[in-house]
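K.L.:
Let me give you the structure first, and then I'll get to my questions.
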Amino acid sequence: MVKVRTVGNLSTSTTPEVEELKRSVERLQVVIDEAPIGICNTDLKGKITYVNKRFEEVSGYSREEVVGKNGLKLSMFPNETVKLLGKRMKDRLLGRPPRLLEMQFKCRDGHWIWVAIEGKLMREQGIPVGFQIISTDITERKQAEEALQQSEERLKTYIESAPDGVYINDLKGTFLYGNRKAEEIIGHKKEELLGKSFLKLNILPAKYLAKAGKLLALNTIGKPTGPDEFELIKKDGSRTWVEITTTPVKRAGGKAEVVGFVRDITERKLAEEELRRAKEQFQVLVEESPLGVSVIRKDSRYQYVNPKFVEMFGYTLEEVATGREWFAKAYPDPGYRNQVISTWNTDAKSSKCGEVKPQTYTVTCKDGSEKIIQFRPVALETGDYFVIYEDITERKRMEREIQEKNGQLIRSEKLAAIGQLAGGVGHELRNPLGAIKNAVYYIKGKVATSELGQKEPRVLEFLGIIEDEVNSSSKIITDLLGFSRVGKPSVSLARIEKIIEDALSRSPILENIELTKKLDAGLPEINVDPDQIKQVLVNIITNAVEAMPEGGKLLIAAREKDKFLEVEVTDTGCGIPQESMDKIFDPLFTTKAKGIGLGLPVCKAIIDRHEGNIAVESKVGEGTTFNIKLPLKRSVGGN
């Protein structure tokens, strides 16, 4: 709080005037302490006598850390600033007027901020007794000023290094500025043109002066122009073609100027001439192209298709005269057709000119066959489209085969590595966990009947938590060992009904779950490893139960179909997110809070070694179905 001197015996007097004075002083102390600006009082030597709350909040220093210490020696300011503050203190004592200073300040946590400081001399009975320093945090303003300066410098750099020429002239055509590219295009240094009208310089051929004057007149009434093509005369007398776009802008004070953008199009003009000469040759190339080609007008009518297009799809130009007819024939499924049309329209609108994003679609040909086609549309300046069609059906088939083989190879290597690790780690951890479990059991028994158990009931609670976590860890180790032991099945003839019953006996079904079995009568025996198939069903049934914590329905069905015995396990639980569907059989992938993601990979490994198949279908919020197919009358695992 602010130090307030007492006069006479004011502090002990009880008159109403004195009491009111005390309250006024207290209110003043509160106002100063809660002020939104930092306040720091020092004696004449710089020793801090008081700081308010705002000073504490901004600096990070508490009052206890700074009061009584010399502020110039606390490393709060850079060295050069400390010298300046000392000089300012002398200036105040000599009666020189205060000045607002902006400087950096080091907070307690080491980071620097900017503050605006104003120091005032404090007097008591006319005698200087110290200084009051008022500070305001101006860090954000300083950062904004620095950002603005950097932005202006970057903008200047961008303009100077722009790939197109940029110039500025006033509404009379007087040249005011030009960047490096503008100098390069015209062949003049900007200093040679400053203050001169481009209409009077020898840079425009006479035939373009009237056109340039009309465009400048449009600028004077606030209208932009361009792009317009001009031929310019360079300093060395050579000529170059340019495309100029202008935009009138108003600067501070309402003064109008014209910003012009100049693009050298000499190469384009030469290319246009070359294109004109090569038009006939290009037509021949298109006709003989190994890729399908079509030209589609902006009104969606097909103007041209090359012979390869007809060969590829079987449709002639007359059969696909419009986009509507093409879409109806090439995409007979309405849903897929709407998807293709939507994508086409989106891409077409996003690109006014140039190549549109390539798209790949499955096209139905005239003979009913389907081909995977990559479309490469090119938007022309006229609004028409030039479309190239490439049949990538065979390439896609080969890519899928390579991807599947690579995936199988990676999966096999991953399974082998995890299996080796699981076996070693599982055995090393099981014994210490067993010792911990026995120790907890023993301690629980002793504590339950002891005075400690009565006085500290949470001891038993925490022992129970340890026991639960040990059981959870033991379950993970069991999964690891089970994963490492998945090997060649030991097959024998077995009945699926018996395997299902054994699996259900090992799977706790909660009371709020309705279990239904739908097993076809007369199901044949299958040549499998009963224990391994039971392990698969236990894992899947357990997952189904855990997916229905609030209850639901569980259906287990079995049937004979297409030389396979199919077993389905369906639940009405939370379902599996679509982004996880491709990963659920990957080792170590799990969506559970507890678990290491080996249950389903073990299931898949077992079914694969039985030469069967396991698949899953799921919808979030509706449930999940696992379908297991086991071959009938086949030797499994080479037996």
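Naming scheme: A, B, ... for chains in displayed order of the structure tokens; residues 1 onward per chain; ligands 1 onward as shown.
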Can you list, as a PyMOL selection string, all residues belonging to range 153-193 of chain A that DSSP tags as strand (DSSP E or B)?

P.N.:
chain A and resi 165-169+174-178

K.L.:
Quick one: residues within 9 Å of Ile134 in chain A, only C-alpha atoms counted, chain neighbours fewer than 4 positions away excluded, as a list of chain:residue names?

P.N.:
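Once the nearby chain positions are removed, what remains is A:Ile37, A:Gly38, A:Ile39, A:Cys40, A:Asn41, A:Ala116, A:Ile117, A:Glu118, A:Gly119, A:Lys120.
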
K.L.:
Save the residues we just selected, N, CA and C atoms, as a PDB file, in the first residue's frame?

P.N.:
```pdb
ATOM      1  N   ILE A  37      -2.752   0.906 -14.474  1.00  0.00           N
ATOM      2  CA  ILE A  37      -1.395   1.161 -14.946  1.00  0.00           C
ATOM      3  C   ILE A  37      -0.426   0.781 -13.840  1.00  0.00           C
ATOM      4  N   GLY A  38       0.808   0.423 -14.237  1.00  0.00           N
ATOM      5  CA  GLY A  38       1.802   0.065 -13.239  1.00  0.00           C
ATOM      6  C   GLY A  38       2.333   1.298 -12.521  1.00  0.00           C
ATOM      7  N   ILE A  39       2.438   1.227 -11.194  1.00  0.00           N
ATOM      8  CA  ILE A  39       2.951   2.341 -10.384  1.00  0.00           C
ATOM      9  C   ILE A  39       4.059   1.791  -9.505  1.00  0.00           C
ATOM     10  N   CYS A  40       5.191   2.483  -9.524  1.00  0.00           N
ATOM     11  CA  CYS A  40       6.343   2.075  -8.712  1.00  0.00           C
ATOM     12  C   CYS A  40       6.941   3.326  -8.082  1.00  0.00           C
ATOM     13  N   ASN A  41       6.999   3.359  -6.749  1.00  0.00           N
ATOM     14  CA  ASN A  41       7.588   4.488  -6.027  1.00  0.00           C
ATOM     15  C   ASN A  41       8.994   4.113  -5.556  1.00  0.00           C
ATOM     16  N   ALA A 116       5.819   2.057 -21.675  1.00  0.00           N
ATOM     17  CA  ALA A 116       5.941   3.510 -21.745  1.00  0.00           C
ATOM     18  C   ALA A 116       6.019   4.009 -20.314  1.00  0.00           C
ATOM     19  N   ILE A 117       7.091   4.753 -19.978  1.00  0.00           N
ATOM     20  CA  ILE A 117       7.365   5.156 -18.590  1.00  0.00           C
ATOM     21  C   ILE A 117       7.390   6.678 -18.489  1.00  0.00           C
ATOM     22  N   GLU A 118       6.727   7.159 -17.443  1.00  0.00           N
ATOM     23  CA  GLU A 118       6.768   8.585 -17.125  1.00  0.00           C
ATOM     24  C   GLU A 118       7.092   8.718 -15.639  1.00  0.00           C
ATOM     25  N   GLY A 119       8.162   9.418 -15.326  1.00  0.00           N
ATOM     26  CA  GLY A 119       8.576   9.569 -13.935  1.00  0.00           C
ATOM     27  C   GLY A 119       8.261  10.952 -13.388  1.00  0.00           C
ATOM     28  N   LYS A 120       7.727  10.978 -12.183  1.00  0.00           N
ATOM     29  CA  LYS A 120       7.393  12.250 -11.536  1.00  0.00           C
ATOM     30  C   LYS A 120       8.093  12.322 -10.177  1.00  0.00           C
TER      31      LYS A 120
END
```

K.L.:
Would you kindly return, as a PDB file with N, CA and C atoms, in the first residue's frame, each protein, DNA or RNA residue with an atom no farther than 7 Å from any atom of range 325-336 of chain A, considering only C-alpha atoms and excluding same-chain residues fewer than 3 positions away?

P.N.:
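Final output, part19.pdb:
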```pdb
ATOM      1  N   VAL A 320     -23.474 -39.566 -78.606  1.00  0.00           N
ATOM      2  CA  VAL A 320     -23.220 -38.756 -77.399  1.00  0.00           C
ATOM      3  C   VAL A 320     -23.141 -37.292 -77.814  1.00  0.00           C
ATOM      4  N   ALA A 321     -24.161 -36.844 -78.492  1.00  0.00           N
ATOM      5  CA  ALA A 321     -24.155 -35.481 -79.030  1.00  0.00           C
ATOM      6  C   ALA A 321     -24.152 -34.432 -77.931  1.00  0.00           C
ATOM      7  N   THR A 322     -24.686 -34.773 -76.751  1.00  0.00           N
ATOM      8  CA  THR A 322     -24.726 -33.817 -75.645  1.00  0.00           C
ATOM      9  C   THR A 322     -24.162 -34.468 -74.385  1.00  0.00           C
ATOM     10  N   GLN A 339     -22.954 -38.238 -58.793  1.00  0.00           N
ATOM     11  CA  GLN A 339     -21.653 -37.961 -58.163  1.00  0.00           C
ATOM     12  C   GLN A 339     -20.658 -37.446 -59.203  1.00  0.00           C
ATOM     13  N   VAL A 340     -20.619 -38.097 -60.375  1.00  0.00           N
ATOM     14  CA  VAL A 340     -19.702 -37.688 -61.443  1.00  0.00           C
ATOM     15  C   VAL A 340     -20.060 -36.289 -61.943  1.00  0.00           C
ATOM     16  N   VAL A 363     -16.355 -46.228 -66.360  1.00  0.00           N
ATOM     17  CA  VAL A 363     -17.276 -45.918 -67.461  1.00  0.00           C
ATOM     18  C   VAL A 363     -17.858 -47.212 -68.026  1.00  0.00           C
ATOM     19  N   THR A 364     -19.155 -47.198 -68.264  1.00  0.00           N
ATOM     20  CA  THR A 364     -19.822 -48.333 -68.916  1.00  0.00           C
ATOM     21  C   THR A 364     -19.802 -48.119 -70.423  1.00  0.00           C
ATOM     22  N   CYS A 365     -19.183 -49.031 -71.157  1.00  0.00           N
ATOM     23  CA  CYS A 365     -19.068 -48.903 -72.608  1.00  0.00           C
ATOM     24  C   CYS A 365     -20.346 -49.386 -73.303  1.00  0.00           C
TER      25      CYS A 365
END
```

K.L.:
Pick the closest to Phe386 in chain A from A:Lys142, A:Arg251, A:Lys298, A:Arg324: which is it, counting only C-alpha atoms?

P.N.:
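Using only C-alpha atoms, the shortest distance to Phe386 in chain A belongs to A:Lys298.
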
K.L.:
With DSSP run on the backbone, what are the alpha helix (DSSP H) residues within range 454-597 of chain A? I'd like them as a PyMOL selection string.

P.N.:
chain A and resi 454-455+457-485+496-505+530-546

K.L.:
What does the structure give for the distance between CA of Gln143 in chain A and CA of His111 in chain A, in Å to one decimal?

P.N.:
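Computing the Euclidean distance for CA of Gln143 in chain A and CA of His111 in chain A yields 14.2 Å.
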
K.L.:
At a cut-off of 8 Å, using only C-alpha atoms, what residues contact Ala35 in chain A? Leave out same-chain residues fewer than 5 positions from it and give the result as a JSON list (two decimals) with N, CA and C atoms, in the first residue's frame.

P.N.:
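Output file around-v1.json follows:
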```json
[["chain", "number", "residue", "atom", "x", "y", "z"],
["A", 52, "ASN", "N", 2.27, -1.22, -7.14],
["A", 52, "ASN", "CA", 0.85, -1.60, -7.07],
["A", 52, "ASN", "C", 0.62, -2.95, -7.73],
["A", 53, "LYS", "N", -0.63, -3.40, -7.70],
["A", 53, "LYS", "CA", -0.96, -4.74, -8.22],
["A", 53, "LYS", "C", -0.67, -4.85, -9.71],
["A", 54, "ARG", "N", -0.95, -3.78, -10.47],
["A", 54, "ARG", "CA", -0.74, -3.85, -11.92],
["A", 54, "ARG", "C", 0.74, -4.09, -12.23]]
```

K.L.:
Can you work out the spacing between CA of Glu257 in chain A and CA of Ile168 in chain A in Å, to one decimal?

P.N.:
6.9 Å

K.L.:
Point out the residue among A:Met398, A:Ile509, A:Gly110, A:Leu93 with the least atom-to-atom distance to Gly60 in chain A, counting only C-alpha atoms.

P.N.:
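Once distances to Gly60 in chain A are computed over only C-alpha atoms, the minimum belongs to A:Gly110.
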
K.L.:
Quick one: residues within 9 Å of range 282-295 of chain A, only C-alpha atoms counted, chain neighbours fewer than 2 positions away excluded, as a list in words?

P.N.:
Leu275, Ala278, Lys279, Glu280, Arg297, Arg301, Tyr302, Gln303, Tyr304, Val305, Asn306, Pro307, Lys308, Phe309, Val310, Glu311, Met312, Asp384, Tyr385, Phe386, Val387, Ile388, Tyr389, Glu390 and Asp391 of chain A

K.L.:
Using only C-alpha atoms, which of A:Ile584, A:Ile513, A:Glu64, A:Ile496 sits nearest Gly552 in chain A?

P.N.:
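So, comparing all the options, the nearest one is A:Ile513.
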
K.L.:
May I ask for the distance between CA of Glu145 in chain A and CA of Phe105 in chain A, given in Å to one decimal place?

P.N.:
17.7 Å
